[in-house]
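Structure below is start.cif: mmCIF, C-alpha atoms.
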```
data_final
loop_
_atom_site.label_atom_id
_atom_site.label_comp_id
_atom_site.auth_asym_id
_atom_site.auth_seq_id
_atom_site.Cartn_x
_atom_site.Cartn_y
_atom_site.Cartn_z
CA ALA A 94 59.44 -68.17 -110.21
CA ALA A 95 57.32 -65.97 -112.41
CA PRO A 96 58.81 -64.85 -115.71
CA ALA A 97 61.98 -63.09 -114.84
CA GLY A 98 65.16 -63.61 -116.74
CA ALA A 99 65.95 -64.24 -120.36
CA ALA A 100 67.81 -61.68 -122.38
CA GLY A 101 68.86 -58.11 -121.62
CA ALA A 102 68.47 -54.85 -123.67
CA ALA A 103 70.37 -52.70 -126.19
CA ALA A 104 73.69 -50.75 -126.36
CA PRO A 105 76.65 -52.63 -124.99
CA THR A 106 76.36 -56.39 -125.18
CA ALA A 107 74.25 -58.13 -122.58
CA GLU A 108 77.39 -59.52 -120.93
CA PRO A 109 80.06 -56.90 -121.53
CA HIS A 110 82.80 -58.69 -119.62
CA ALA A 111 82.07 -62.28 -120.57
CA ARG A 112 85.04 -64.52 -121.38
CA VAL A 113 84.90 -67.21 -124.05
CA PRO A 114 86.30 -70.50 -122.69
CA GLN A 115 88.99 -72.10 -124.83
CA VAL A 116 89.22 -75.86 -125.29
CA THR A 117 92.78 -76.79 -124.28
CA SER A 118 92.66 -80.55 -123.95
CA PRO A 119 90.75 -83.58 -125.22
CA SER A 120 89.31 -84.17 -121.76
CA LEU A 121 87.91 -80.63 -121.61
CA ALA A 122 86.52 -81.00 -125.12
CA GLN A 123 84.74 -84.16 -124.04
CA ALA A 124 83.39 -82.46 -120.94
CA THR A 125 81.93 -79.56 -122.93
CA ALA A 126 80.60 -81.63 -125.84
CA PRO A 127 76.81 -82.15 -125.96
CA ARG A 128 75.72 -85.36 -124.29
CA PRO A 129 73.58 -87.81 -126.22
CA SER A 130 69.96 -87.82 -125.12
CA ALA A 131 69.14 -90.50 -122.56
CA THR A 132 66.42 -93.02 -123.29
CA ALA A 133 63.15 -92.18 -121.60
CA ALA A 134 62.05 -94.69 -118.97
CA PRO A 135 58.45 -95.89 -118.92
CA GLY A 136 56.19 -93.04 -117.83
CA GLU A 137 58.77 -90.36 -118.68
CA THR A 138 58.80 -87.70 -121.35
CA ARG A 139 62.17 -86.05 -122.08
CA ILE A 140 62.08 -82.55 -123.56
CA PRO A 141 65.41 -81.15 -124.82
CA LEU A 142 66.48 -77.83 -123.33
CA LYS A 143 67.37 -76.08 -126.55
CA GLY A 144 66.50 -73.01 -128.56
CA VAL A 145 64.90 -70.16 -126.63
CA ARG A 146 64.07 -72.34 -123.63
CA GLY A 147 67.61 -73.68 -123.45
CA ALA A 148 69.09 -70.19 -123.59
CA VAL A 149 66.71 -69.00 -120.88
CA ALA A 150 67.54 -72.02 -118.69
CA GLU A 151 71.27 -71.28 -118.90
CA LYS A 152 70.79 -67.59 -118.17
CA LEU A 153 68.58 -68.26 -115.14
CA ALA A 154 71.01 -70.85 -113.77
CA ARG A 155 73.91 -68.44 -114.20
CA SER A 156 72.01 -65.71 -112.39
CA ARG A 157 71.34 -68.01 -109.44
CA ARG A 158 74.98 -69.14 -109.32
CA GLU A 159 76.57 -65.71 -109.51
CA ILE A 160 74.20 -63.10 -108.07
CA PRO A 161 73.55 -62.83 -104.29
CA ASP A 162 70.00 -61.55 -104.64
CA ALA A 163 67.53 -60.26 -102.08
CA THR A 164 63.90 -59.20 -102.40
CA CYS A 165 61.81 -56.55 -100.66
CA TRP A 166 58.17 -55.77 -101.34
CA VAL A 167 55.36 -53.39 -100.44
CA ASP A 168 51.62 -53.10 -101.05
CA ALA A 169 50.52 -49.87 -102.72
CA ASP A 170 47.18 -48.20 -103.41
CA ALA A 171 47.08 -47.87 -107.21
CA THR A 172 43.63 -46.22 -107.34
CA GLU A 173 44.96 -42.78 -108.26
CA LEU A 174 47.33 -44.19 -110.89
CA MET A 175 44.42 -46.01 -112.54
CA ARG A 176 42.33 -42.82 -112.44
CA ALA A 177 45.20 -40.83 -113.97
CA ARG A 178 45.47 -43.33 -116.82
CA THR A 179 41.72 -43.16 -117.42
CA ALA A 180 41.91 -39.35 -117.56
CA MET A 181 44.86 -39.47 -119.99
CA ASN A 182 43.03 -41.82 -122.32
CA ALA A 183 39.80 -39.81 -122.14
CA ALA A 184 41.65 -36.73 -123.43
CA GLY A 185 42.08 -38.20 -126.91
CA GLY A 186 45.14 -39.32 -128.81
CA PRO A 187 46.89 -42.70 -128.60
CA LYS A 188 45.96 -44.78 -125.56
CA ILE A 189 48.55 -44.98 -122.78
CA SER A 190 49.26 -48.45 -121.37
CA LEU A 191 49.61 -49.18 -117.68
CA LEU A 192 52.99 -50.77 -118.42
CA ALA A 193 54.18 -47.49 -119.93
CA LEU A 194 53.22 -45.57 -116.80
CA LEU A 195 55.03 -48.12 -114.63
CA ALA A 196 58.06 -47.82 -116.90
CA ARG A 197 57.99 -44.04 -116.55
CA ILE A 198 57.91 -44.47 -112.78
CA CYS A 199 60.83 -46.93 -113.03
CA THR A 200 63.05 -44.55 -114.94
CA ALA A 201 62.28 -41.72 -112.53
CA ALA A 202 63.19 -43.97 -109.60
CA LEU A 203 66.43 -45.08 -111.26
CA ALA A 204 67.41 -41.43 -111.72
CA ARG A 205 67.15 -41.07 -107.95
CA PHE A 206 68.76 -44.42 -107.17
CA PRO A 207 71.35 -45.03 -109.93
CA GLU A 208 72.98 -47.81 -107.90
CA LEU A 209 70.32 -50.17 -109.25
CA ASN A 210 70.90 -49.31 -112.92
CA ALA A 211 74.15 -51.24 -113.01
CA THR A 212 76.02 -54.50 -113.45
CA VAL A 213 78.89 -56.15 -111.60
CA ASP A 214 82.21 -56.87 -113.31
CA ALA A 215 83.25 -59.74 -111.06
CA GLU A 216 86.70 -60.15 -112.62
CA ALA A 217 87.60 -56.49 -112.13
CA ARG A 218 85.72 -56.35 -108.79
CA GLU A 219 83.89 -53.25 -109.97
CA VAL A 220 80.29 -52.08 -110.12
CA VAL A 221 79.53 -50.55 -113.54
CA ARG A 222 76.76 -47.93 -113.49
CA PHE A 223 74.97 -46.78 -116.64
CA ASP A 224 73.85 -43.27 -117.51
CA HIS A 225 71.08 -44.66 -119.73
CA VAL A 226 68.15 -46.96 -118.96
CA HIS A 227 67.62 -49.76 -121.45
CA LEU A 228 64.48 -51.26 -119.94
CA GLY A 229 63.74 -54.96 -120.41
CA PHE A 230 60.27 -56.38 -119.85
CA ALA A 231 59.39 -60.03 -119.46
CA ALA A 232 57.04 -61.32 -122.15
CA GLN A 233 55.58 -64.81 -122.49
CA THR A 234 55.30 -66.11 -126.06
CA ASP A 235 54.50 -69.43 -127.72
CA ARG A 236 58.26 -69.88 -128.13
CA GLY A 237 58.92 -69.33 -124.42
CA LEU A 238 59.91 -66.44 -122.21
CA VAL A 239 61.69 -63.50 -123.83
CA VAL A 240 62.82 -60.14 -122.46
CA PRO A 241 62.68 -57.49 -125.20
CA VAL A 242 64.41 -54.22 -124.41
CA VAL A 243 63.17 -50.64 -124.79
CA ARG A 244 66.28 -48.61 -125.57
CA ASP A 245 66.74 -45.25 -123.87
CA ALA A 246 63.54 -45.66 -121.89
CA HIS A 247 64.63 -42.75 -119.67
CA ALA A 248 64.28 -40.37 -122.64
CA ARG A 249 60.79 -41.51 -123.68
CA ASP A 250 57.41 -40.21 -122.61
CA ALA A 251 54.44 -42.42 -121.82
CA GLU A 252 53.13 -42.31 -125.40
CA SER A 253 56.48 -43.38 -126.87
CA LEU A 254 56.87 -46.12 -124.26
CA THR A 255 53.40 -47.45 -125.04
CA ALA A 256 54.19 -47.66 -128.75
CA GLU A 257 57.53 -49.37 -128.21
CA PHE A 258 56.11 -51.92 -125.77
CA ALA A 259 53.41 -52.76 -128.32
CA ARG A 260 55.93 -53.09 -131.17
CA LEU A 261 58.26 -55.37 -129.22
CA THR A 262 55.42 -57.49 -127.82
CA GLU A 263 54.04 -58.09 -131.31
CA ALA A 264 57.50 -58.93 -132.62
CA GLY A 265 57.93 -61.40 -129.77
CA ARG A 266 54.67 -63.14 -130.63
CA ALA A 267 55.60 -63.25 -134.31
CA GLY A 268 59.09 -64.52 -133.59
CA THR A 269 60.76 -61.59 -135.34
CA LEU A 270 62.72 -60.08 -132.44
CA THR A 271 66.32 -59.36 -133.41
CA PRO A 272 69.42 -59.89 -131.21
CA ALA A 273 69.52 -56.11 -130.76
CA ASP A 274 65.96 -56.25 -129.38
CA LEU A 275 67.03 -58.82 -126.78
CA THR A 276 70.43 -57.68 -125.53
CA GLY A 277 72.03 -54.90 -123.54
CA GLY A 278 69.38 -54.35 -120.85
CA THR A 279 70.27 -52.43 -117.69
CA PHE A 280 67.06 -53.01 -115.65
CA THR A 281 63.97 -55.21 -116.05
CA LEU A 282 60.29 -54.56 -115.35
CA ASN A 283 58.36 -57.77 -114.73
CA ASN A 284 54.56 -57.48 -114.84
CA TYR A 285 53.63 -60.92 -113.53
CA GLY A 286 50.20 -59.60 -112.56
CA VAL A 287 49.05 -60.53 -116.07
CA PHE A 288 49.15 -64.15 -114.89
CA GLY A 289 46.70 -63.37 -112.10
CA VAL A 290 49.20 -63.56 -109.22
CA ASP A 291 49.91 -61.04 -106.49
CA GLY A 292 53.62 -61.56 -105.86
CA SER A 293 56.78 -63.32 -106.89
CA THR A 294 60.49 -63.62 -106.11
CA PRO A 295 61.85 -63.55 -109.67
CA ILE A 296 65.36 -64.35 -110.81
CA ILE A 297 67.42 -61.32 -111.82
CA ASN A 298 68.02 -61.00 -115.54
CA HIS A 299 71.79 -61.59 -115.63
CA PRO A 300 73.97 -59.47 -115.85
CA GLU A 301 71.64 -56.76 -114.59
CA ALA A 302 71.49 -55.79 -110.93
CA ALA A 303 67.77 -55.47 -110.22
CA MET A 304 64.22 -56.17 -111.33
CA LEU A 305 60.93 -54.52 -110.37
CA GLY A 306 58.00 -56.93 -110.09
CA VAL A 307 54.36 -55.83 -110.35
CA GLY A 308 51.47 -58.04 -109.26
CA ARG A 309 47.83 -57.88 -110.28
CA ILE A 310 45.80 -54.80 -109.32
CA VAL A 311 42.71 -55.89 -107.40
CA PRO A 312 40.06 -54.30 -105.15
CA LYS A 313 40.95 -54.74 -101.48
CA PRO A 314 40.00 -53.22 -98.12
CA TRP A 315 42.37 -50.30 -97.45
CA VAL A 316 42.58 -47.50 -94.91
CA HIS A 317 42.32 -44.33 -96.99
CA GLU A 318 42.38 -40.91 -95.30
CA GLY A 319 41.55 -42.53 -91.98
CA GLU A 320 38.57 -44.49 -93.27
CA LEU A 321 38.22 -48.09 -94.39
CA ALA A 322 37.54 -48.17 -98.13
CA VAL A 323 37.78 -50.48 -101.12
CA ARG A 324 40.82 -49.46 -103.17
CA GLN A 325 42.77 -50.83 -106.12
CA VAL A 326 45.81 -52.45 -104.48
CA VAL A 327 48.99 -53.82 -106.07
CA GLN A 328 51.99 -55.61 -104.61
CA LEU A 329 55.35 -54.30 -105.80
CA SER A 330 58.61 -56.17 -105.31
CA LEU A 331 62.25 -55.34 -105.95
CA THR A 332 64.79 -58.13 -106.38
CA PHE A 333 68.31 -56.74 -106.33
CA ASP A 334 71.95 -57.76 -106.41
CA HIS A 335 73.16 -57.15 -102.85
CA ARG A 336 76.65 -56.40 -104.15
CA VAL A 337 75.56 -53.12 -105.77
CA CYS A 338 73.69 -51.67 -102.79
CA ASP A 339 72.34 -52.33 -99.32
CA GLY A 340 68.76 -52.53 -98.11
CA GLY A 341 68.46 -48.80 -97.55
CA VAL A 342 68.92 -47.98 -101.22
CA ALA A 343 66.68 -50.86 -102.34
CA GLY A 344 63.99 -49.85 -99.87
CA GLY A 345 64.26 -46.21 -100.90
CA PHE A 346 63.82 -47.12 -104.56
CA LEU A 347 60.80 -49.30 -103.88
CA ARG A 348 59.22 -46.73 -101.58
CA TYR A 349 59.61 -44.03 -104.23
CA VAL A 350 57.99 -46.31 -106.83
CA ALA A 351 55.10 -46.98 -104.42
CA ASP A 352 54.72 -43.24 -103.71
CA CYS A 353 54.44 -42.55 -107.45
CA VAL A 354 51.86 -45.32 -107.84
CA GLU A 355 49.82 -43.91 -104.95
CA GLN A 356 50.28 -40.24 -105.89
CA PRO A 357 51.12 -39.87 -109.58
CA ALA A 358 51.61 -36.13 -109.07
CA VAL A 359 54.96 -37.02 -107.44
CA LEU A 360 56.17 -37.77 -110.98
CA LEU A 361 55.61 -34.14 -112.02
CA ARG A 362 58.89 -33.26 -110.31
CA THR A 363 60.75 -35.35 -112.90
CA LEU A 364 58.88 -34.27 -116.06
#
```
In structure tokens, write the structure found in this file.
Amino acid sequence: AAPAGAAGAAAPTAEPHARVPQVTSPSLAQATAPRPSATAAPGETRIPLKGVRGAVAEKLARSRREIPDATCWVDADATELMRARTAMNAAGGPKISLLALLARICTAALARFPELNATVDAEAREVVRFDHVHLGFAAQTDRGLVVPVVRDAHARDAESLTAEFARLTEAGRAGTLTPADLTGGTFTLNNYGVFGVDGSTPIINHPEAAMLGVGRIVPKPWVHEGELAVRQVVQLSLTFDHRVCDGGVAGGFLRYVADCVEQPAVLLRTL
């Protein structure tokens, strides 16, 4: 899968209802103790799963074990969104990133479909919805995949989102992200298009309930206003925890995101 899970965002802890297992017997202690590394056979190279990569591996495995996920996707014409960004940046002032515009669309969609800004408390058999959006975004670094979190993304404009994405990305590359930067997320935006791919079925960033995936934006033949034209097309995908909602809600969220990408003026209703 493309970069998907790792850490969460900010506010409550990333796993608010986690339980710490207690060692109650020697046999359990032996079972949970680290195993000695096996000797590599000829032709093998053994790489320990530890540090950032080990933490990511455990989080991804837990997500797959616990979350019944499903994915839906849609192609969208991003030509007008790209033109809107060009116009914003031509007006002077700090440049607005495409990721910031996608984040703004995300938060507007979550306001309409709050079911997806949630987590599941399996022990209590409850869905916990949040009234804030702490937006995680997958970032590849030399140290491995990390998911920094933009706190209160719902209360930020495109300029503030751009600045915070830049700050967290640079901190990730420098290895200076703090635990607060990497925990408490409520929803993740995964721009795997930076790797040159169109689509993905990512793993949900446990314990969140959904992730929006964005592929590369490329020129493609498209029927626009009844005529065949070359347009800037992007594939959008939503992977969601089927316990928090059904396909109608997930499809409605993704369709709204696609509508905002195709007609950025739709966002004016939420500004």
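Straight-line separation from CA of Glu252 in chain A to CA of Phe223 in chain A: 24.0 Å.
You will find CA of Ser190 in chain A at 14.3 Å from CA of Ala171 in chain A.
Here CA of Arg266 in chain A stands at a distance of 9.7 Å from CA of Gly237 in chain A.
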Quiz item: If we count all atoms listed in the file, what is near range 284-290 of chain A at a cut-off of 9 Å, once residues fewer than 2 positions away on the same chain are taken out, given as a ChimeraX atom specification?
Solution: /A:95-97,192,230-232,282,292-293,305-310,327
Quiz item: Care to translate the PyMOL selection byres ((chain A and resi 347-352) around 12) into actual residues of this file, as number ranges by chain?
Solution: A: 164-174, 194-206, 209, 303-307, 326-333, 340-346, 353-360
Kindly resolve the PyMOL selection byres ((chain A and resi 254-261) around 6) on the present coordinates and return the residues as a PDB file with C-alpha atoms, in the coordinates of the input.
```pdb
ATOM      1  CA  ILE A 189      48.550 -44.980-122.780  1.00  0.00           C
ATOM      2  CA  SER A 190      49.260 -48.450-121.370  1.00  0.00           C
ATOM      3  CA  ALA A 193      54.180 -47.490-119.930  1.00  0.00           C
ATOM      4  CA  ALA A 251      54.440 -42.420-121.820  1.00  0.00           C
ATOM      5  CA  GLU A 252      53.130 -42.310-125.400  1.00  0.00           C
ATOM      6  CA  SER A 253      56.480 -43.380-126.870  1.00  0.00           C
ATOM      7  CA  THR A 262      55.420 -57.490-127.820  1.00  0.00           C
ATOM      8  CA  GLU A 263      54.040 -58.090-131.310  1.00  0.00           C
ATOM      9  CA  ALA A 264      57.500 -58.930-132.620  1.00  0.00           C
TER      10      ALA A 264
END
```
How big is the axis-aligned box, and where does its centre sit, when it encloses all atoms of range 239-254 of chain A listed in the file and has 3 Å added on every side, reported in Å to one decimal as AutoDock Vina command-line options?
```
--center_x 59.9 --center_y -51.9 --center_z -123.3 --size_x 19.6 --size_y 29.3 --size_z 13.2
```
Quiz item: With distances taken over all atoms listed in the file, which of A:Val337, A:Ile160, A:Val149, A:Val226 is nearest to Gly278 in chain A?
Solution: A:Val226
So what does the PyMOL selection byres ((chain A and resi 247) around 7) actually pick up in this one, as an mmCIF file with C-alpha atoms, in the frame of the given file?
```cif
data_model
loop_
_atom_site.group_PDB
_atom_site.id
_atom_site.type_symbol
_atom_site.label_atom_id
_atom_site.label_comp_id
_atom_site.auth_asym_id
_atom_site.auth_seq_id
_atom_site.Cartn_x
_atom_site.Cartn_y
_atom_site.Cartn_z
ATOM 1 C CA THR A 200 63.050 -44.550 -114.940
ATOM 2 C CA HIS A 225 71.080 -44.660 -119.730
ATOM 3 C CA VAL A 226 68.150 -46.960 -118.960
ATOM 4 C CA ASP A 245 66.740 -45.250 -123.870
ATOM 5 C CA ALA A 246 63.540 -45.660 -121.890
ATOM 6 C CA ALA A 248 64.280 -40.370 -122.640
ATOM 7 C CA ARG A 249 60.790 -41.510 -123.680
#
```
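Considering the residues A:Ala183, A:Ser156, A:Val240, A:Arg218 and counting only C-alpha atoms, Asn283 in chain A has its shortest atom-to-atom contact with A:Val240.
Among the candidate residues A:Arg222, A:His317, A:Lys188, A:Arg362, the one lying nearest to Ala302 in chain A is A:Arg222, with distances computed using only C-alpha atoms.
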Practice problem: Check the smallest atom-to-atom distance from each of A:His299, A:His227, A:Lys143, A:Arg178 to Arg155 in chain A using only C-alpha atoms, then report the winner. | Solution: A:His299
